[in-house]
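Everything below belongs to protein.cif, which stores mmCIF, C-alpha atoms.
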```cif
data_my_file
loop_
_atom_site.label_atom_id
_atom_site.label_comp_id
_atom_site.auth_asym_id
_atom_site.auth_seq_id
_atom_site.Cartn_x
_atom_site.Cartn_y
_atom_site.Cartn_z
CA MET W 1 -3.07 18.87 26.92
CA ASN W 2 0.46 19.17 28.34
CA GLU W 3 2.47 21.47 26.06
CA SER W 4 5.81 20.39 27.54
CA ILE W 5 5.13 16.75 26.64
CA ILE W 6 4.44 17.69 23.02
CA ARG W 7 7.63 19.77 22.88
CA ASP W 8 9.61 16.84 24.32
CA LEU W 9 8.23 14.54 21.64
CA ILE W 10 9.21 17.03 18.93
CA LYS W 11 12.73 17.15 20.40
CA TYR W 12 12.91 13.34 20.33
CA MET W 13 12.00 13.38 16.64
CA ASP W 14 14.82 15.91 16.03
CA VAL W 15 12.82 18.20 13.74
CA GLU W 16 13.92 21.63 14.94
CA ASP W 17 13.77 23.04 11.40
CA ASN W 18 10.04 22.23 11.24
CA ALA W 19 9.19 22.51 14.93
CA ALA W 20 6.12 24.72 14.43
CA ILE W 21 4.63 22.35 11.87
CA GLN W 22 5.51 19.28 13.93
CA TYR W 23 3.93 20.75 17.07
CA ILE W 24 0.55 20.93 15.30
CA GLN W 25 0.95 17.42 13.88
CA THR W 26 1.96 15.93 17.24
CA GLU W 27 -0.82 17.74 19.12
CA HIS W 28 -3.35 16.18 16.71
CA ARG W 29 -1.96 12.69 17.29
CA MET W 30 -2.04 13.22 21.04
CA LYS W 31 -5.77 13.97 20.72
CA LEU W 32 -6.16 10.62 18.94
CA GLY W 33 -4.12 8.70 21.50
CA LEU W 34 -6.10 10.14 24.40
CA PHE W 35 -9.42 9.37 22.70
CA TRP W 36 -8.30 5.79 22.04
CA GLY W 37 -7.45 5.41 25.73
CA ILE W 38 -3.95 3.99 25.21
CA LYS W 39 -2.86 2.76 28.65
CA GLU W 40 0.55 2.55 30.29
CA GLY W 41 2.17 -0.85 29.84
CA SER W 42 0.25 -1.64 26.63
CA ARG W 43 1.77 -3.55 23.73
CA VAL W 44 0.80 -1.81 20.50
CA LEU W 45 1.06 -2.83 16.85
CA GLU W 46 0.90 0.27 14.64
CA ILE W 47 0.18 -0.46 10.96
CA GLY W 48 1.27 2.26 8.54
CA CYS W 49 3.65 3.99 10.95
CA GLY W 50 5.29 6.18 8.28
CA GLN W 51 7.86 8.55 9.76
CA GLY W 52 6.67 7.88 13.28
CA ASP W 53 4.48 10.89 14.12
CA THR W 54 1.90 8.67 15.79
CA THR W 55 4.53 6.16 16.95
CA ALA W 56 6.16 8.77 19.18
CA VAL W 57 2.84 9.64 20.83
CA LEU W 58 1.97 5.97 21.34
CA ALA W 59 5.41 5.31 22.85
CA HIS W 60 4.89 8.17 25.29
CA LEU W 61 1.44 6.91 26.30
CA VAL W 62 2.47 3.27 26.87
CA GLY W 63 5.29 4.38 29.14
CA GLU W 64 8.59 2.72 29.93
CA HIS W 65 6.97 -0.68 30.49
CA GLY W 66 5.03 -0.59 27.21
CA TYR W 67 6.04 -1.44 23.66
CA VAL W 68 5.17 -0.09 20.20
CA HIS W 69 5.91 -2.07 17.04
CA GLY W 70 5.43 0.14 13.99
CA VAL W 71 5.29 -1.42 10.52
CA ASP W 72 4.95 0.09 7.05
CA ILE W 73 4.99 -1.34 3.54
CA ALA W 74 7.06 1.64 2.32
CA PRO W 75 10.82 1.13 1.84
CA GLU W 76 13.19 2.94 4.19
CA ASP W 77 14.17 5.44 1.48
CA TYR W 78 10.56 6.59 0.94
CA GLY W 79 9.70 10.18 1.84
CA THR W 80 11.14 13.67 1.55
CA PRO W 81 12.91 15.77 2.76
CA LEU W 82 13.44 13.14 5.47
CA THR W 83 12.99 9.48 4.52
CA VAL W 84 10.95 7.22 6.76
CA GLY W 85 14.12 5.29 7.62
CA GLU W 86 15.98 8.43 8.69
CA ALA W 87 13.04 9.61 10.79
CA ALA W 88 12.74 6.19 12.46
CA ALA W 89 16.47 6.13 13.25
CA LYS W 90 16.21 9.49 15.03
CA LEU W 91 13.24 8.30 17.06
CA ARG W 92 14.99 5.08 18.07
CA ARG W 93 17.96 7.13 19.34
CA SER W 94 15.63 9.15 21.59
CA PRO W 95 14.68 8.34 25.22
CA LEU W 96 11.65 6.52 23.77
CA GLY W 97 13.82 4.28 21.60
CA ASP W 98 14.01 1.26 23.89
CA ARG W 99 10.23 0.81 23.73
CA ILE W 100 9.95 1.17 19.93
CA ARG W 101 10.54 -1.12 16.96
CA MET W 102 9.91 0.09 13.39
CA ASP W 103 10.03 -2.19 10.34
CA TYR W 104 9.75 -1.07 6.71
CA ASP W 105 9.19 -3.02 3.49
CA PHE W 106 6.77 -4.87 5.75
CA ASP W 107 3.74 -6.45 4.07
CA ILE W 108 1.14 -7.10 6.74
CA LEU W 109 -0.77 -9.42 4.37
CA SER W 110 2.21 -11.60 3.47
CA ASP W 111 1.91 -15.27 4.46
CA GLN W 112 5.25 -14.81 6.24
CA THR W 113 3.82 -12.08 8.48
CA GLN W 114 2.47 -13.73 11.61
CA PHE W 115 2.23 -12.75 15.26
CA ALA W 116 1.05 -14.81 18.20
CA GLU W 117 -2.62 -14.77 19.14
CA ASN W 118 -3.34 -11.74 21.34
CA GLU W 119 0.33 -10.73 21.24
CA PHE W 120 -0.77 -7.08 21.32
CA ASP W 121 -3.21 -5.21 23.50
CA VAL W 122 -3.95 -2.67 20.77
CA ILE W 123 -3.85 -2.58 16.97
CA VAL W 124 -3.58 0.97 15.54
CA LEU W 125 -4.27 2.20 12.00
CA SER W 126 -3.88 5.97 11.95
CA HIS W 127 -4.23 8.11 8.81
CA CYS W 128 -3.02 5.24 6.62
CA SER W 129 -6.12 3.65 5.05
CA TRP W 130 -6.37 6.07 2.11
CA TYR W 131 -2.94 4.83 0.98
CA LEU W 132 -4.37 1.34 0.43
CA LYS W 133 -5.12 -0.01 -3.03
CA SER W 134 -8.72 -1.14 -2.48
CA PHE W 135 -11.59 -1.94 -0.15
CA ASP W 136 -10.52 -5.59 -0.31
CA GLU W 137 -7.05 -4.76 1.00
CA LEU W 138 -8.40 -2.95 4.07
CA ALA W 139 -10.92 -5.75 4.66
CA GLU W 140 -8.12 -8.34 4.60
CA ILE W 141 -5.98 -6.33 7.02
CA LEU W 142 -8.81 -5.80 9.49
CA SER W 143 -9.63 -9.51 9.39
CA LYS W 144 -6.04 -10.73 9.71
CA VAL W 145 -5.02 -8.50 12.63
CA ARG W 146 -8.06 -9.50 14.67
CA ALA W 147 -6.20 -12.59 15.92
CA TRP W 148 -3.27 -10.51 17.16
CA GLY W 149 -4.93 -7.99 19.49
CA HIS W 150 -7.90 -7.26 21.72
CA LYS W 151 -8.60 -3.67 20.69
CA LEU W 152 -8.65 -1.83 17.35
CA CYS W 153 -7.96 1.92 17.23
CA PHE W 154 -8.59 3.60 13.89
CA ALA W 155 -8.31 7.13 12.49
CA GLU W 156 -8.71 8.62 9.02
CA TRP W 157 -9.82 11.90 7.51
CA ASP W 158 -13.55 12.35 7.84
CA ALA W 159 -14.99 12.85 4.33
CA ARG W 160 -18.18 14.35 5.77
CA VAL W 161 -17.78 18.10 5.21
CA THR W 162 -19.04 20.12 8.18
CA ASP W 163 -17.87 23.59 7.14
CA VAL W 164 -17.45 25.37 3.81
CA SER W 165 -13.80 26.06 4.71
CA GLN W 166 -13.11 22.32 4.30
CA LEU W 167 -14.20 22.22 0.65
CA SER W 168 -10.70 22.61 -0.79
CA HIS W 169 -9.43 19.60 1.14
CA TRP W 170 -12.54 17.60 0.24
CA LEU W 171 -12.32 18.44 -3.46
CA SER W 172 -8.62 17.55 -3.50
CA VAL W 173 -9.37 14.16 -1.99
CA LEU W 174 -12.25 13.56 -4.41
CA ILE W 175 -10.16 14.47 -7.45
CA GLN W 176 -7.20 12.34 -6.37
CA SER W 177 -9.37 9.31 -5.65
CA GLN W 178 -11.08 9.58 -9.05
CA VAL W 179 -7.77 9.89 -10.91
CA GLU W 180 -6.51 6.82 -9.02
CA CYS W 181 -9.16 4.68 -10.71
CA TYR W 182 -7.10 4.89 -13.92
CA LYS W 183 -3.65 4.09 -12.47
CA GLU W 184 -1.99 0.69 -12.36
CA ASN W 185 0.63 1.76 -9.79
CA SER W 186 0.61 4.74 -7.49
CA PHE W 187 2.53 6.67 -4.85
CA SER W 188 -0.31 9.12 -4.20
CA ASN W 189 -1.60 10.13 -0.78
CA VAL W 190 -5.18 9.20 -1.68
CA ARG W 191 -5.46 5.87 -3.50
CA THR W 192 -8.78 4.68 -2.06
CA LEU W 193 -11.38 6.94 -0.47
CA PHE W 194 -13.06 5.42 2.60
CA THR W 195 -15.95 7.27 4.22
CA PRO W 196 -16.75 6.72 7.91
CA GLU W 197 -19.71 4.58 6.80
CA ASP W 198 -17.38 2.43 4.67
CA ILE W 199 -15.03 1.98 7.61
CA GLN W 200 -17.86 1.05 9.96
CA GLU W 201 -19.08 -1.64 7.56
CA LEU W 202 -15.59 -3.07 6.95
CA VAL W 203 -14.68 -3.12 10.65
CA SER W 204 -17.91 -4.89 11.60
CA ALA W 205 -17.62 -7.41 8.76
CA ALA W 206 -14.09 -8.27 9.92
CA GLY W 207 -15.36 -9.36 13.33
CA TRP W 208 -14.90 -6.22 15.43
CA THR W 209 -17.56 -4.46 17.51
CA ILE W 210 -17.36 -0.67 17.46
CA LYS W 211 -17.49 0.76 20.98
CA GLU W 212 -16.72 4.46 20.51
CA GLU W 213 -16.66 6.90 17.60
CA THR W 214 -15.95 10.60 17.26
CA SER W 215 -14.86 13.26 14.79
CA ILE W 216 -11.79 15.16 15.97
CA HIS W 217 -11.12 18.60 14.54
CA SER W 218 -7.63 20.11 14.43
CA PRO W 219 -8.16 23.21 12.28
CA GLU W 220 -4.50 24.26 12.29
CA LEU W 221 -3.31 21.07 10.58
CA GLN W 222 -1.53 21.85 7.31
CA ASP W 223 -2.65 18.71 5.46
CA GLY W 224 -5.60 20.29 3.68
CA ARG W 225 -3.41 22.98 2.14
CA TRP W 226 -0.72 20.43 1.23
CA GLU W 227 -3.25 18.18 -0.51
CA THR W 228 -4.79 21.11 -2.38
CA GLU W 229 -1.46 22.43 -3.65
CA MET W 230 -0.33 18.97 -4.71
CA THR W 231 -3.62 18.26 -6.51
CA LEU W 232 -3.55 21.54 -8.41
CA ALA W 233 0.06 20.88 -9.48
CA GLU W 234 -0.13 17.18 -10.34
CA ALA W 235 -3.69 16.33 -11.41
CA PRO W 236 -3.63 18.37 -14.68
CA VAL W 237 -0.47 16.53 -15.74
CA GLU W 238 -1.94 13.15 -14.85
CA LEU W 239 -5.10 13.91 -16.84
CA GLN W 240 -2.94 14.23 -19.96
CA MET W 241 -0.99 11.03 -19.32
CA LEU W 242 -3.65 8.56 -18.14
CA PRO W 243 -6.22 6.69 -20.28
CA ILE W 244 -9.18 8.59 -18.86
CA PRO W 245 -12.40 8.77 -20.94
CA ASP W 246 -13.07 12.24 -22.33
CA LYS W 247 -16.30 12.73 -20.36
CA VAL W 248 -14.60 11.81 -17.06
CA LYS W 249 -11.64 14.03 -17.96
CA THR W 250 -14.00 16.96 -18.55
CA LEU W 251 -15.63 16.33 -15.19
CA LEU W 252 -12.25 16.31 -13.43
CA LEU W 253 -11.18 19.51 -15.17
CA SER W 254 -14.36 21.19 -13.91
CA GLU W 255 -13.65 19.95 -10.39
CA LEU W 256 -10.12 21.35 -10.66
CA LYS W 257 -11.56 24.75 -11.59
CA LEU W 258 -13.77 24.64 -8.50
CA LEU W 259 -10.77 23.65 -6.39
CA LYS W 260 -8.70 26.52 -7.76
CA THR W 261 -11.50 28.97 -6.99
CA HIS W 262 -11.92 27.75 -3.41
CA HIS W 263 -8.16 27.74 -2.83
CA ALA W 264 -7.84 31.32 -4.11
CA SER W 265 -10.39 32.48 -1.52
CA GLY W 266 -8.16 31.42 1.39
CA PRO W 267 -6.13 28.57 2.87
CA GLY W 268 -9.22 26.80 4.21
CA SER W 269 -9.40 24.20 6.96
CA PRO W 270 -8.59 20.50 6.89
CA LEU W 271 -11.28 17.89 7.10
CA GLY W 272 -12.01 16.48 10.52
CA THR W 273 -10.66 13.08 11.55
CA TYR W 274 -12.96 10.13 12.05
CA ALA W 275 -11.68 8.14 15.05
CA MET W 276 -12.98 4.86 16.38
CA VAL W 277 -12.36 2.19 19.01
CA ALA W 278 -13.48 -1.40 18.47
CA LYS W 279 -13.19 -4.68 20.36
CA LYS W 280 -13.21 -8.28 19.19
CA GLN W 281 -16.67 -9.77 18.81
#
```

Can you dump the structure from the file as structure tokens?
Amino acid sequence: MNESIIRDLIKYMDVEDNAAIQYIQTEHRMKLGLFWGIKEGSRVLEIGCGQGDTTAVLAHLVGEHGYVHGVDIAPEDYGTPLTVGEAAAKLRRSPLGDRIRMDYDFDILSDQTQFAENEFDVIVLSHCSWYLKSFDELAEILSKVRAWGHKLCFAEWDARVTDVSQLSHWLSVLIQSQVECYKENSFSNVRTLFTPEDIQELVSAAGWTIKEETSIHSPELQDGRWETEMTLAEAPVELQMLPIPDKVKTLLLSELKLLKTHHASGPGSPLGTYAMVAKKQ
């Protein structure tokens, strides 16, 4: 993987203060883009673009004759310390800017959201499905976008633990997803837990045929530690505030004790990433 390309992408995102962190994040997304086989000249619709970490990689891969349209349901002022709107503005001012469009407050399932049939070569959902409210919501998205593109490229954390060092990340995800069952509204990172098997079933039911699958490991990613620290800080407070049955609350408190024990033994490793390529049936 070309290190100079990754460093250029970091420079375009203007994140010098967090360059070391961003290098690891961008390297991971480059692994995804290369596995997906994003070609020069492609037109890409990226759903759940966030601050543009994957958008920048996609824009590099499609080249000067390609186009990436990133959309996200979050408002422009979402995110910290840099909002998604601020991050997008920096990316659009970069040399990649003329091949990028990023829209926020964008509901992909709204009746007003329509694109032409086969307007895009590729539809991308990268590390965004766990933010969704339900299985039904992902099913609707996968079904609706099928008319707009030929190829579906998907990535999400792989809930299948392959090493004991991943247990802290896995427990954090499990605890968050269980707590979510008792919330009416949420801004959490994990709102619905999809396993690779769930994703396979939903993708196939929506009319896509899976062509390639893999699990990509980027052990230096910081996300596992971030999720663990956030869960340990926020879940105990939420357990006191939410209408959770006592028996479930006791279960979650026990899981939190396990998480604290695993976290104390070391920073651990993040889960792998389940990545997939599918075509229209």

Which of W:Val44, W:Leu253, W:Val248, W:Leu61 sits closest to W:Glu119 [using all atoms listed in the file]: W:Val44

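Using only C-alpha atoms for every distance, the candidate list W:Met13, W:Ala159, W:Thr55, W:Pro236 yields W:Met13 as the residue closest to W:Ala87.
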
Test item: residues at most 12 Å from W:Asn189, all atoms listed in the file, excluding those fewer than 6 positions along its chain, as a PyMOL selection string: chain W and resi 79+127-133+157+172-177+179-180+223-224+226-228+230-231+234

Atoms kept (C-alpha atoms) for selection, written as a PDB file, in the frame of the given file:
```
ATOM      1  CA  GLY W  79       9.700  10.180   1.840  1.00  0.00           C
ATOM      2  CA  HIS W 127      -4.230   8.110   8.810  1.00  0.00           C
ATOM      3  CA  CYS W 128      -3.020   5.240   6.620  1.00  0.00           C
ATOM      4  CA  SER W 129      -6.120   3.650   5.050  1.00  0.00           C
ATOM      5  CA  TRP W 130      -6.370   6.070   2.110  1.00  0.00           C
ATOM      6  CA  TYR W 131      -2.940   4.830   0.980  1.00  0.00           C
ATOM      7  CA  LEU W 132      -4.370   1.340   0.430  1.00  0.00           C
ATOM      8  CA  LYS W 133      -5.120  -0.010  -3.030  1.00  0.00           C
ATOM      9  CA  TRP W 157      -9.820  11.900   7.510  1.00  0.00           C
ATOM     10  CA  SER W 172      -8.620  17.550  -3.500  1.00  0.00           C
ATOM     11  CA  VAL W 173      -9.370  14.160  -1.990  1.00  0.00           C
ATOM     12  CA  LEU W 174     -12.250  13.560  -4.410  1.00  0.00           C
ATOM     13  CA  ILE W 175     -10.160  14.470  -7.450  1.00  0.00           C
ATOM     14  CA  GLN W 176      -7.200  12.340  -6.370  1.00  0.00           C
ATOM     15  CA  SER W 177      -9.370   9.310  -5.650  1.00  0.00           C
ATOM     16  CA  VAL W 179      -7.770   9.890 -10.910  1.00  0.00           C
ATOM     17  CA  GLU W 180      -6.510   6.820  -9.020  1.00  0.00           C
ATOM     18  CA  ASP W 223      -2.650  18.710   5.460  1.00  0.00           C
ATOM     19  CA  GLY W 224      -5.600  20.290   3.680  1.00  0.00           C
ATOM     20  CA  TRP W 226      -0.720  20.430   1.230  1.00  0.00           C
ATOM     21  CA  GLU W 227      -3.250  18.180  -0.510  1.00  0.00           C
ATOM     22  CA  THR W 228      -4.790  21.110  -2.380  1.00  0.00           C
ATOM     23  CA  MET W 230      -0.330  18.970  -4.710  1.00  0.00           C
ATOM     24  CA  THR W 231      -3.620  18.260  -6.510  1.00  0.00           C
ATOM     25  CA  GLU W 234      -0.130  17.180 -10.340  1.00  0.00           C
TER      26      GLU W 234
END
```

Neighbours of point (-18.2, 18.4, 10.3) within 9 Å, using all atoms listed in the file, written as JSON, numbers by chain: {"W": [158, 159, 160, 161, 162, 163, 166, 215, 217, 271, 272]}

Selection dump of the PyMOL selection byres ((chain W and resi 103) around 8), as a PyMOL selection string: chain W and resi 69-72+101-102+104-106

The PyMOL selection byres ((chain W and resi 108) around 12) resolved against shown file, as JSON, numbers by chain: {"W": [45, 46, 47, 48, 70, 71, 72, 73, 74, 103, 104, 105, 106, 107, 109, 110, 111, 112, 113, 114, 115, 125, 132, 137, 138, 140, 141, 142, 143, 144, 145, 148]}
